[in-house]
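Colleague: To be precise about what I am sending: the file is called entry-v5.cif and holds mmCIF, C-alpha atoms.
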```
data_input
#
loop_
_atom_site.label_atom_id
_atom_site.label_comp_id
_atom_site.auth_asym_id
_atom_site.auth_seq_id
_atom_site.Cartn_x
_atom_site.Cartn_y
_atom_site.Cartn_z
CA MET A 42 206.30 -147.47 77.64
CA ARG A 43 203.00 -146.04 78.89
CA LYS A 44 201.93 -142.41 78.84
CA PHE A 45 199.63 -140.71 81.35
CA CYS A 46 198.04 -137.27 81.48
CA LEU A 47 198.38 -135.73 84.95
CA VAL A 48 196.30 -132.90 86.36
CA LEU A 49 198.15 -131.20 89.20
CA GLU A 50 197.42 -128.67 91.90
CA TYR A 51 200.31 -126.88 93.55
CA GLU A 52 200.92 -124.09 96.01
CA GLY A 53 203.75 -122.21 94.36
CA THR A 54 205.16 -120.18 97.24
CA ALA A 55 208.16 -122.43 97.89
CA PHE A 56 208.86 -123.27 94.23
CA ARG A 57 211.01 -121.52 91.64
CA GLY A 58 208.36 -122.22 89.04
CA TRP A 59 207.44 -125.35 87.09
CA GLN A 60 210.54 -126.09 85.03
CA LYS A 61 213.42 -128.12 86.41
CA GLN A 62 216.68 -126.20 86.54
CA GLY A 63 220.26 -127.37 86.46
CA GLU A 64 221.06 -126.83 90.12
CA LEU A 65 219.68 -129.57 92.35
CA THR A 66 219.22 -127.07 95.19
CA ILE A 67 216.64 -125.09 93.19
CA ARG A 68 213.20 -126.43 94.10
CA THR A 69 210.84 -126.67 91.13
CA VAL A 70 207.56 -128.50 90.62
CA GLN A 71 208.90 -130.57 87.72
CA GLY A 72 212.05 -131.42 89.66
CA VAL A 73 210.14 -132.64 92.72
CA LEU A 74 207.72 -134.66 90.58
CA LEU A 75 210.56 -136.33 88.68
CA ASP A 76 212.29 -137.24 91.94
CA ARG A 77 209.15 -138.79 93.43
CA ALA A 78 208.26 -140.55 90.17
CA ALA A 79 211.73 -142.11 90.13
CA GLN A 80 211.06 -143.42 93.65
CA LEU A 81 207.67 -144.79 92.63
CA PHE A 82 208.75 -146.50 89.41
CA GLY A 83 212.29 -147.41 90.41
CA THR A 84 213.84 -145.75 87.36
CA TRP A 85 214.99 -142.36 86.09
CA ASP A 86 213.98 -143.28 82.53
CA ILE A 87 210.97 -140.98 82.76
CA ASP A 88 209.68 -138.24 80.49
CA LEU A 89 207.67 -135.57 82.33
CA GLN A 90 206.57 -132.50 80.38
CA GLY A 91 204.23 -129.70 81.40
CA ASN A 92 201.93 -127.65 79.21
CA GLY A 93 204.11 -124.58 79.79
CA ARG A 94 206.18 -122.74 82.36
CA THR A 95 204.93 -120.97 85.45
CA ASP A 96 206.97 -118.35 87.32
CA ALA A 97 208.43 -118.61 90.79
CA GLY A 98 205.67 -118.15 93.37
CA VAL A 99 202.81 -118.80 90.93
CA HIS A 100 200.19 -121.37 91.95
CA ALA A 101 198.21 -123.90 89.89
CA LEU A 102 194.63 -125.13 90.24
CA ALA A 103 194.63 -127.66 87.37
CA TYR A 104 197.98 -127.83 85.64
CA THR A 105 198.31 -130.45 82.89
CA ALA A 106 201.45 -132.51 82.30
CA HIS A 107 202.27 -135.83 80.65
CA LEU A 108 204.29 -138.66 82.17
CA GLU A 109 205.86 -141.41 80.07
CA VAL A 110 207.45 -144.41 81.78
CA LEU A 111 207.84 -148.18 81.47
CA THR A 112 205.42 -149.53 84.07
CA ARG A 113 202.54 -151.91 84.71
CA PHE A 114 200.88 -149.49 87.12
CA SER A 115 197.34 -148.45 86.30
CA ALA A 116 196.32 -144.79 86.27
CA PRO A 117 194.72 -145.02 89.77
CA GLU A 118 197.89 -146.67 91.08
CA VAL A 119 200.04 -143.89 89.62
CA LYS A 120 197.83 -141.24 91.22
CA ALA A 121 197.82 -142.93 94.63
CA GLY A 122 201.54 -143.66 94.52
CA LEU A 123 202.58 -140.14 93.60
CA ASN A 124 200.28 -138.53 96.17
CA ARG A 125 201.75 -140.80 98.85
CA LEU A 126 205.27 -139.58 98.04
CA LEU A 127 204.71 -135.93 97.13
CA PRO A 128 205.09 -133.03 99.58
CA LYS A 129 201.98 -131.29 100.84
CA ASP A 130 202.29 -128.38 98.39
CA ILE A 131 201.73 -130.62 95.32
CA ALA A 132 198.70 -132.84 94.72
CA VAL A 133 197.81 -135.06 91.78
CA LEU A 134 194.12 -134.45 91.09
CA ASP A 135 193.71 -136.86 88.18
CA VAL A 136 195.64 -139.38 86.10
CA GLN A 137 194.40 -140.74 82.78
CA PRO A 138 196.11 -143.03 80.24
CA VAL A 139 196.65 -141.27 76.91
CA ASP A 140 197.98 -142.10 73.47
CA VAL A 141 201.77 -142.17 73.28
CA ARG A 142 201.62 -139.32 70.75
CA PHE A 143 199.96 -136.94 73.23
CA HIS A 144 202.10 -133.99 74.29
CA ALA A 145 200.96 -131.69 77.11
CA ARG A 146 202.52 -128.58 75.57
CA HIS A 147 202.50 -129.17 71.82
CA HIS A 148 198.83 -130.20 71.74
CA CYS A 149 197.63 -127.45 74.07
CA LEU A 150 195.27 -125.02 72.29
CA GLY A 151 194.95 -122.43 75.03
CA ARG A 152 195.40 -121.67 78.70
CA SER A 153 193.53 -119.80 81.40
CA TYR A 154 194.95 -117.87 84.34
CA LEU A 155 193.23 -116.39 87.38
CA TYR A 156 194.61 -113.38 89.25
CA GLN A 157 193.41 -112.21 92.68
CA ILE A 158 193.61 -108.61 93.90
CA ALA A 159 192.58 -108.03 97.51
CA GLU A 160 191.19 -104.54 98.08
CA GLY A 161 193.13 -103.84 101.27
CA GLN A 162 195.55 -106.01 103.21
CA ARG A 163 194.19 -109.43 104.13
CA ALA A 164 196.15 -111.51 106.65
CA PHE A 165 194.97 -114.87 105.28
CA MET A 166 195.45 -113.93 101.63
CA LYS A 167 198.99 -112.53 101.55
CA ARG A 168 200.31 -115.69 99.89
CA TYR A 169 197.44 -115.86 97.38
CA ALA A 170 196.52 -112.28 96.45
CA TRP A 171 197.98 -108.86 95.74
CA GLY A 172 196.86 -106.61 98.58
CA LEU A 173 196.20 -103.05 97.37
CA GLU A 174 195.24 -100.16 99.63
CA ASP A 175 194.23 -98.01 96.65
CA ASP A 176 190.59 -97.40 95.84
CA LEU A 177 190.15 -99.08 92.48
CA ASP A 178 187.79 -97.74 89.84
CA PHE A 179 186.34 -101.06 88.71
CA GLY A 180 184.59 -99.51 85.69
CA LEU A 181 187.86 -98.10 84.38
CA MET A 182 189.55 -101.45 84.86
CA GLN A 183 186.84 -103.17 82.84
CA GLU A 184 187.21 -100.55 80.11
CA ALA A 185 190.97 -101.14 80.08
CA ALA A 186 190.49 -104.91 79.90
CA ALA A 187 188.51 -104.52 76.68
CA LEU A 188 191.61 -103.01 75.03
CA PHE A 189 193.52 -106.26 75.30
CA VAL A 190 190.93 -108.73 73.99
CA GLY A 191 191.60 -110.07 70.50
CA MET A 192 194.79 -110.52 68.48
CA HIS A 193 197.36 -107.92 69.48
CA ASP A 194 201.08 -107.38 69.35
CA PHE A 195 202.08 -107.22 73.03
CA LEU A 196 205.61 -105.97 72.30
CA ALA A 197 205.29 -103.31 75.03
CA PHE A 198 204.56 -106.06 77.56
CA ALA A 199 207.29 -108.49 76.46
CA GLU A 200 210.70 -109.28 77.90
CA LYS A 201 213.67 -108.17 75.78
CA GLN A 202 214.66 -111.72 74.91
CA GLU A 203 211.17 -112.37 73.53
CA THR A 204 211.30 -109.52 71.00
CA LYS A 205 213.35 -111.63 68.58
CA LYS A 206 210.26 -113.75 67.99
CA SER A 207 206.62 -112.87 67.39
CA THR A 208 205.02 -111.08 70.33
CA LYS A 209 201.49 -111.45 68.97
CA VAL A 210 199.00 -113.19 71.26
CA LEU A 211 195.31 -113.99 70.77
CA VAL A 212 193.55 -113.05 74.02
CA LYS A 213 190.23 -114.85 73.79
CA ALA A 214 188.77 -113.43 77.01
CA LEU A 215 189.72 -111.03 79.78
CA GLN A 216 187.10 -110.99 82.53
CA LEU A 217 186.91 -109.01 85.75
CA GLU A 218 184.63 -109.68 88.70
CA ARG A 219 184.31 -108.02 92.09
CA VAL A 220 183.71 -110.65 94.77
CA ALA A 221 183.81 -110.25 98.57
CA GLY A 222 186.35 -107.43 98.69
CA MET A 223 188.44 -108.84 95.88
CA VAL A 224 188.90 -108.11 92.19
CA LEU A 225 189.26 -111.35 90.22
CA VAL A 226 190.82 -111.31 86.76
CA ARG A 227 190.67 -114.19 84.29
CA VAL A 228 192.77 -114.20 81.14
CA VAL A 229 192.22 -116.88 78.48
CA ALA A 230 194.63 -116.90 75.54
CA SER A 231 196.22 -119.04 72.86
CA HIS A 232 199.56 -118.73 74.64
CA PHE A 233 201.32 -116.27 76.93
CA LEU A 234 204.47 -114.22 76.86
CA TRP A 235 206.64 -114.31 79.96
CA HIS A 236 204.96 -112.25 82.74
CA LEU A 237 202.19 -111.15 80.34
CA VAL A 238 199.30 -111.83 82.74
CA ARG A 239 201.08 -110.05 85.59
CA ARG A 240 201.81 -107.05 83.36
CA LEU A 241 198.21 -106.87 82.11
CA VAL A 242 196.91 -107.01 85.69
CA GLY A 243 199.46 -104.43 86.82
CA THR A 244 198.44 -102.11 83.98
CA MET A 245 194.72 -102.47 84.77
CA ALA A 246 195.37 -101.86 88.47
CA ALA A 247 197.41 -98.76 87.61
CA ILE A 248 194.50 -97.47 85.52
CA GLY A 249 192.00 -98.32 88.26
CA SER A 250 194.05 -96.41 90.83
CA GLY A 251 194.57 -93.36 88.61
CA ARG A 252 198.31 -93.85 88.07
CA LEU A 253 197.91 -94.57 84.37
CA THR A 254 195.30 -93.53 81.83
CA ILE A 255 193.50 -95.73 79.34
CA ASP A 256 194.89 -93.56 76.54
CA GLU A 257 198.44 -94.22 77.77
CA ALA A 258 197.76 -97.97 77.79
CA ARG A 259 196.28 -97.71 74.29
CA VAL A 260 199.44 -95.97 73.05
CA MET A 261 201.61 -98.69 74.64
CA LEU A 262 199.63 -101.38 72.84
CA LYS A 263 199.64 -99.52 69.52
CA THR A 264 203.27 -98.40 69.41
CA GLY A 265 204.94 -101.25 71.29
CA GLN A 266 206.67 -98.72 73.53
CA ALA A 267 206.65 -99.80 77.16
CA SER A 268 205.91 -97.39 79.97
CA SER A 269 208.92 -96.10 81.90
CA ILE A 270 207.26 -97.56 85.02
CA PRO A 271 207.10 -101.38 85.13
CA TRP A 272 203.43 -102.06 85.85
CA MET A 273 203.71 -105.70 86.94
CA ALA A 274 201.60 -107.42 89.58
CA PRO A 275 203.41 -109.72 92.05
CA ALA A 276 203.51 -113.47 91.53
CA GLN A 277 201.60 -114.61 94.60
CA GLY A 278 198.20 -113.54 93.24
CA LEU A 279 198.50 -115.59 90.06
CA PHE A 280 197.01 -119.06 89.54
CA PHE A 281 197.32 -121.26 86.48
CA GLU A 282 193.69 -122.25 86.01
CA GLN A 283 193.35 -124.71 83.12
CA ALA A 284 194.87 -125.99 79.88
CA PHE A 285 192.62 -126.70 76.90
CA TYR A 286 192.90 -129.48 74.33
CA ASP A 287 189.46 -129.10 72.76
CA ARG A 288 188.58 -126.03 70.66
CA GLU A 289 184.92 -126.03 71.66
CA GLU A 290 185.79 -126.21 75.36
CA LEU A 291 188.28 -123.37 74.94
CA SER A 292 185.75 -121.19 73.14
CA SER A 293 182.98 -121.73 75.68
CA PHE A 294 185.04 -121.70 78.90
CA ALA A 295 184.94 -117.97 79.61
CA GLU A 296 181.20 -117.82 78.99
CA SER A 297 180.22 -120.92 80.96
CA VAL A 298 182.50 -120.97 84.03
CA PRO A 299 181.88 -118.17 86.57
CA LEU A 300 184.76 -116.41 88.24
CA ALA A 301 185.28 -117.42 91.86
CA PRO A 302 188.12 -116.97 94.36
CA ALA A 303 190.77 -119.68 94.37
CA PRO A 304 190.81 -122.10 97.33
CA ARG A 305 192.78 -121.00 100.39
CA TRP A 306 195.31 -123.57 101.50
#
```
As structure tokens, how would this structure be written, given the file I've shared?
Modeller:
Amino acid sequence: MRKFCLVLEYEGTAFRGWQKQGELTIRTVQGVLLDRAAQLFGTWDIDLQGNGRTDAGVHALAYTAHLEVLTRFSAPEVKAGLNRLLPKDIAVLDVQPVDVRFHARHHCLGRSYLYQIAEGQRAFMKRYAWGLEDDLDFGLMQEAAALFVGMHDFLAFAEKQETKKSTKVLVKALQLERVAGMVLVRVVASHFLWHLVRRLVGTMAAIGSGRLTIDEARVMLKTGQASSIPWMAPAQGLFFEQAFYDREELSSFAESVPLAPAPRW
């Protein structure tokens, strides 16, 4: 058996997220990759694991997964073969051989997400940004973002089924940038609760538009009591940005890599 680390880009509009589901009619990124890998290698004896789940409609710029299979193919041959078979909304950016003990999820030290808010409706961005007509107070949004940086219990932002486990998350960085009529949000954390990034963005947008105050958000974070209004941004503006397997790279990423809009497909 050989193991490879894959770096993937995918346009998530037509997918029900990363993870393969029981029904064959449900299109997922993992399911499509497994099907094409079986064609390439001539076997279903394949282990394909991602670094974590992504929601339906969420995109990825550099998603890391591992592939384990009995093959003589080299890494370049695996990359070329998969790209030849994959649909146009998935691309393999890189393939590298790795130690058989490597695990894309278990060894991941942190992840980064990018969210795009378009200030006003944009015809060419509707699949890749949340179009808001509201005038956003960018200063207030930045002030709100500072609340969430560090180790916090995000109970108020968690799904009910997650409350049986720890809802503490270390948010290492939460950056905002205004670029060409868009507000870009980057969140770097040790791990993420389900919908956490979308809820953080929704909360900051609500504060920026005057629908929620910073004090109300502070109370939510402190008490664990969710707002009666579900402040959650839609999926299409969210991009998985990068997985980290090196502590130094994780620590320096937010400081060294500038925020920029995601590519438009």
Colleague: Tell me, as a PyMOL selection string, which residues lie within 7 Å of Arg43 (chain A), counting only C-alpha atoms; anything in the same chain fewer than 5 positions away does not count.
Modeller: chain A and resi 109-112+141
Colleague: Return the single residue from A:Leu237, A:Met182, A:Leu279, A:Leu102 that is closest to Lys209 (chain A), with distances computed using all atoms listed in the file.
Modeller: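 Result for the nearest residue to Lys209 (chain A): A:Leu237.
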Colleague: Where does region 230-290 of chain A meet region 170-174 of chain A within 8 Å, residue by residue, with the nearest atom pair and distance in Å to one decimal for each, counting all atoms listed in the file, listed by chain and rising number, as CSV?
Modeller:
```
residue,atom,partner,partner_atom,distance
A:Ala274,CA,A:Trp171,CA,7.3
A:Pro275,CA,A:Trp171,CA,6.6
A:Gln277,CA,A:Ala170,CA,5.9
A:Gly278,CA,A:Ala170,CA,3.8
A:Leu279,CA,A:Ala170,CA,7.5
```
Colleague: Using only C-alpha atoms, which of the listed residues (A:Arg288, A:Lys120, A:Lys213, A:Arg57) sits closest to Val136 (chain A)?
Modeller: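 Of the candidates, the smallest distance to Val136 (chain A) is held by A:Lys120.
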Colleague: For the provided coordinates, the residues matched by the PyMOL selection byres ((chain A and resi 261) around 12) should be stated as a PyMOL selection string.
Modeller: chain A and resi 188-189+193-199+241+244+253-260+262-270+272
Colleague: In terms of the shortest atom-to-atom distance over only C-alpha atoms, which of A:Arg68, A:Arg94, A:Arg113, A:Lys129 is closest to Arg152 (chain A)?
Modeller: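 Between A:Arg68, A:Arg94, A:Arg113, A:Lys129, the residue approaching Arg152 (chain A) most closely is A:Arg94.
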Colleague: Rank A:Phe280, A:Phe294, A:Tyr156, A:Phe114 by their smallest atom-to-atom distance to Lys44 (chain A), using all atoms listed in the file, and report the top residue only.
Modeller: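 Selected residue with least distance to Lys44 (chain A): A:Phe114.
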Colleague: With distances taken over only C-alpha atoms, which of A:Ala187, A:Leu74, A:Ala132, A:Ala295 is nearest to Val48 (chain A)?
Modeller: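 Ranking A:Ala187, A:Leu74, A:Ala132, A:Ala295 by distance to Val48 (chain A), first place goes to A:Ala132.
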Colleague: Provide the CA of Leu49 (chain A) to CA of Val220 (chain A) distance in Å, to one decimal place.
Modeller: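 Value for the CA of Leu49 (chain A)-CA of Val220 (chain A) distance: 25.7 Å.
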Colleague: For the provided coordinates, the residues matched by the PyMOL selection byres ((chain A and resi 223) around 9) should be stated as a PyMOL selection string.
Modeller: chain A and resi 157-161+170+218-222+224-225+302
Colleague: Would you please work out which residue, of A:Cys46, A:Ala284, A:Phe165, A:Glu52, is nearest to Gly93 (chain A) when using only C-alpha atoms?
Modeller: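 Nearest to Gly93 (chain A): A:Ala284.
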Colleague: Apply the PyMOL selection byres ((chain A and resi 178) around 9) to the displayed file and report the matching residues as a count of residues only.
Modeller: 12
Colleague: Could you check how far CA of Glu118 (chain A) sits from CA of Val73 (chain A), in Å to one decimal?
Modeller: 18.7 Å
Colleague: One number please: CA of Val228 (chain A) to CA of Gln62 (chain A), in Å, one decimal.
Modeller: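 CA of Gln62 (chain A) lies 27.3 Å from CA of Val228 (chain A).
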Colleague: Could you pull the residues within 10 Å of Gly122 (chain A), counting only C-alpha atoms, minus those fewer than 3 positions along the same chain, as a VMD selection string?
Modeller: chain A and resid 77 to 78 80 to 82 114 116 to 119 125 to 127 133
Colleague: Box for region 204-214 of chain A - axis-aligned, 3 Å on each of the six sides, all listed atoms - centre and size in Å to one decimal, as AutoDock Vina command-line options.
Modeller:
```
--center_x 201.1 --center_y -112.2 --center_z 72.2 --size_x 30.6 --size_y 11.3 --size_z 15.6
```
